[in-house]
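Okay, so here's the structure we're looking at.
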Amino acid sequence: MDINKILDSYDLNINDSFAEAEVKKITSNISSIYKIETLKKIFGFIDLTTLNHTDTPARAKSFADKVNNFKSVFPDMPNVAAICVYPTLAEHVKKNLNVENVNIASVVGGFPSSQTFIEIKEAETKKAIDKGANEADMVISVGTFLSGDYKTVFDEIKTLKKAVGSNHLKVILESGSLENLKNVKKASVLAVEAGGDFLKTSTGKTTPAATLEAVYVMAQTAKEYFKKTGKKVGIKPAGGISDSETALKYYAVMDAVLGEEWLTPDLFRIGASSLANNLLNDIIHMSSEKTEDIKYF
């Protein structure tokens with residue numbers, strides 16, 4: 001596999017200033033889409049996430065129970081798209097989750113640093129799927145990528161895609177650590193060409209995490225890949241997206257680059273924890289006279 005040939009088949013002429021200007025233009029009129037219907041739609045894109053060192057089976061069960069009961073409490077709302085947990089907790093979500101169309105995602109592959117052996121990454125990924133996850137969120141080997149060893153990065157993604165089989169593999173680029181947007185584009189190309197089903201910005205464990213400019217470049221890669229192959233890959237910004245206005249900006253970038261057909265839970269996710277409650281409160285405040293905040297999740 002000639003990795004350089006693959007990279008050269010994409011437009012790598014990425015100008016950071018141009019991307020920043022485009023994002024600014026796209027997101028300059030968010031008020032025009034700040035509507036209940038849009039906020040509800042975004043809520044349905046959430047990967048409800050708990051990735052704390054204090055997580056327990058009881059917390060995983062609590063997440064599943066809240067998702068199970070969500071429609072009875074908020075009948076006019078879509079449910080979240082997925083619950084995302086550590087590998088050891090996937091089975092506890094699986095055991096307790098009893099609603100349809102909510103996926104179980106597990107971070108894998110030595111999350112969040114990816115600093116372990118490929119055999120361990122592969123085994124962990126297979127184990128997470130065996131225990132009930134139907135989506136796996138892996139992290140690329142950032143140090144390996146920055147050293148220029150693109151083939152190893154490509155091969156690892158390919159190996160973990162084989163490990164998940166027909167289940168979704170989300171490839172975390174850790175875009176904030178990649179130094180520039182050209183590298184974000186290169187990493188995105190490696191991920192889609194190696195079989196990744198989603199491009200994801202970040203683990204949420206580094207700063208900066210998700211950025212609008214990185215998602216702009218990732219979406220451009222998905223657009224190029226679709227033109228080349230006819231296959232659609234999803235986009236998942238994650239890390240630091242906690243309020244409605246910020247979520248709407250990511251929605252606007254996706255819409256501008258990829259169009260409405262990508263604005264579905266199959267192709268667009270937002271990895272978040274606090275966003276779910278903040279969206280709920282904004283929707284409730286906009287649709288009723290209630291002013292007090294709730295904390296459902």
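FYI, nothing fancy with the structure tokens labels: chains A, B, ... in order, residues from 1 per chain, ligands from 1 as they appear.
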
Exercise for review: List every residue of range 180-295 of chain A that DSSP, applied to the backbone, labels as strand (DSSP E or B), and write the result as a list in words.
Suggested key: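 After running DSSP on the backbone, range 180-295 of chain A has strand (DSSP E or B) at Phe198, Leu199, Lys200, Gly234, Ile235, Lys236, Ala238, Phe268, Ile270, Gly271 and Ala272 of chain A.
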
Exercise for review: Find the residues near range 37-50 of chain A: any atom within 10 Å, counting only C-alpha atoms, skip ones fewer than 3 places away on the same chain, and give them as JSON, numbers by chain.
Suggested key: {"A": [33, 34, 53, 54, 55, 59, 60, 63, 67, 76, 77, 78, 79, 80, 81, 82, 83, 84, 85, 86, 102, 103, 104, 105, 106, 236, 238, 244, 245, 247, 248, 250, 251, 263, 264, 265, 266, 267, 268, 269, 270, 271, 272, 273, 274, 275, 276, 277, 278, 279, 280, 282, 283, 297]}

**Study point:** Those in range 44-193 of chain A with helix (DSSP H, G or I) from DSSP, as a PyMOL selection string
**Key:** chain A and resi 57-73+87-96+118-130+142-146+150-164+175-177+181-193

Check your understanding: What lies within 6 Å of Val93 in chain A using only C-alpha atoms, ignoring chain neighbours under 3 positions off, as a count of residues only?
Key -> 6

Study note, to complete from the structure: Atom pair CA of Ile172 in chain A + CA of Asp155 in chain A, distance 14.9 Å

Exercise for review: May I have the residues within 10 Å of Thr246 in chain A as a count of residues only, using only C-alpha atoms and disregarding those fewer than 5 positions away in the same chain?
Suggested key: 8

12 Å contact set for range 6-16 of chain A, only C-alpha atoms, chain neighbours under 5 positions out, as a tab-separated table (two decimals) with C-alpha atoms, in the first residue's frame:
```tsv
chain	number	residue	atom	x	y	z
A	1	MET	CA	0.00	0.00	0.00
A	21	ALA	CA	-12.26	32.72	7.65
A	22	GLU	CA	-14.66	30.18	6.10
A	23	VAL	CA	-15.77	28.93	9.51
A	150	TYR	CA	1.81	7.24	8.28
A	151	LYS	CA	1.83	3.58	7.28
A	154	PHE	CA	-2.98	3.45	8.57
A	179	GLU	CA	-0.08	21.09	15.01
A	180	ASN	CA	-1.89	22.37	11.90
A	181	LEU	CA	-4.90	21.75	9.70
A	182	LYS	CA	-2.84	20.13	6.95
A	183	ASN	CA	-2.02	17.38	9.41
A	184	VAL	CA	-5.71	17.14	10.33
A	185	LYS	CA	-6.42	16.59	6.64
A	186	LYS	CA	-3.69	13.94	6.32
A	187	ALA	CA	-4.92	12.09	9.41
A	188	SER	CA	-8.49	12.27	8.12
A	189	VAL	CA	-7.43	10.77	4.78
A	190	LEU	CA	-5.58	7.92	6.50
A	191	ALA	CA	-8.64	7.22	8.66
A	192	VAL	CA	-11.21	7.06	5.86
A	193	GLU	CA	-8.97	5.16	3.48
A	194	ALA	CA	-8.17	2.59	6.18
A	212	LEU	CA	-14.75	24.21	14.23
A	213	GLU	CA	-11.79	24.50	11.86
A	214	ALA	CA	-10.82	20.85	12.38
A	216	TYR	CA	-14.46	21.91	8.58
A	217	VAL	CA	-11.38	20.06	7.27
A	218	MET	CA	-12.71	16.65	8.34
A	220	GLN	CA	-14.13	18.38	3.43
A	221	THR	CA	-12.29	15.04	3.57
A	222	ALA	CA	-15.58	13.15	3.92
A	223	LYS	CA	-16.90	15.06	0.91
A	224	GLU	CA	-13.84	14.16	-1.20
A	225	TYR	CA	-14.00	10.54	-0.09
A	226	PHE	CA	-17.67	10.34	-1.03
A	227	LYS	CA	-16.95	11.74	-4.48
A	228	LYS	CA	-14.19	9.17	-4.95
```
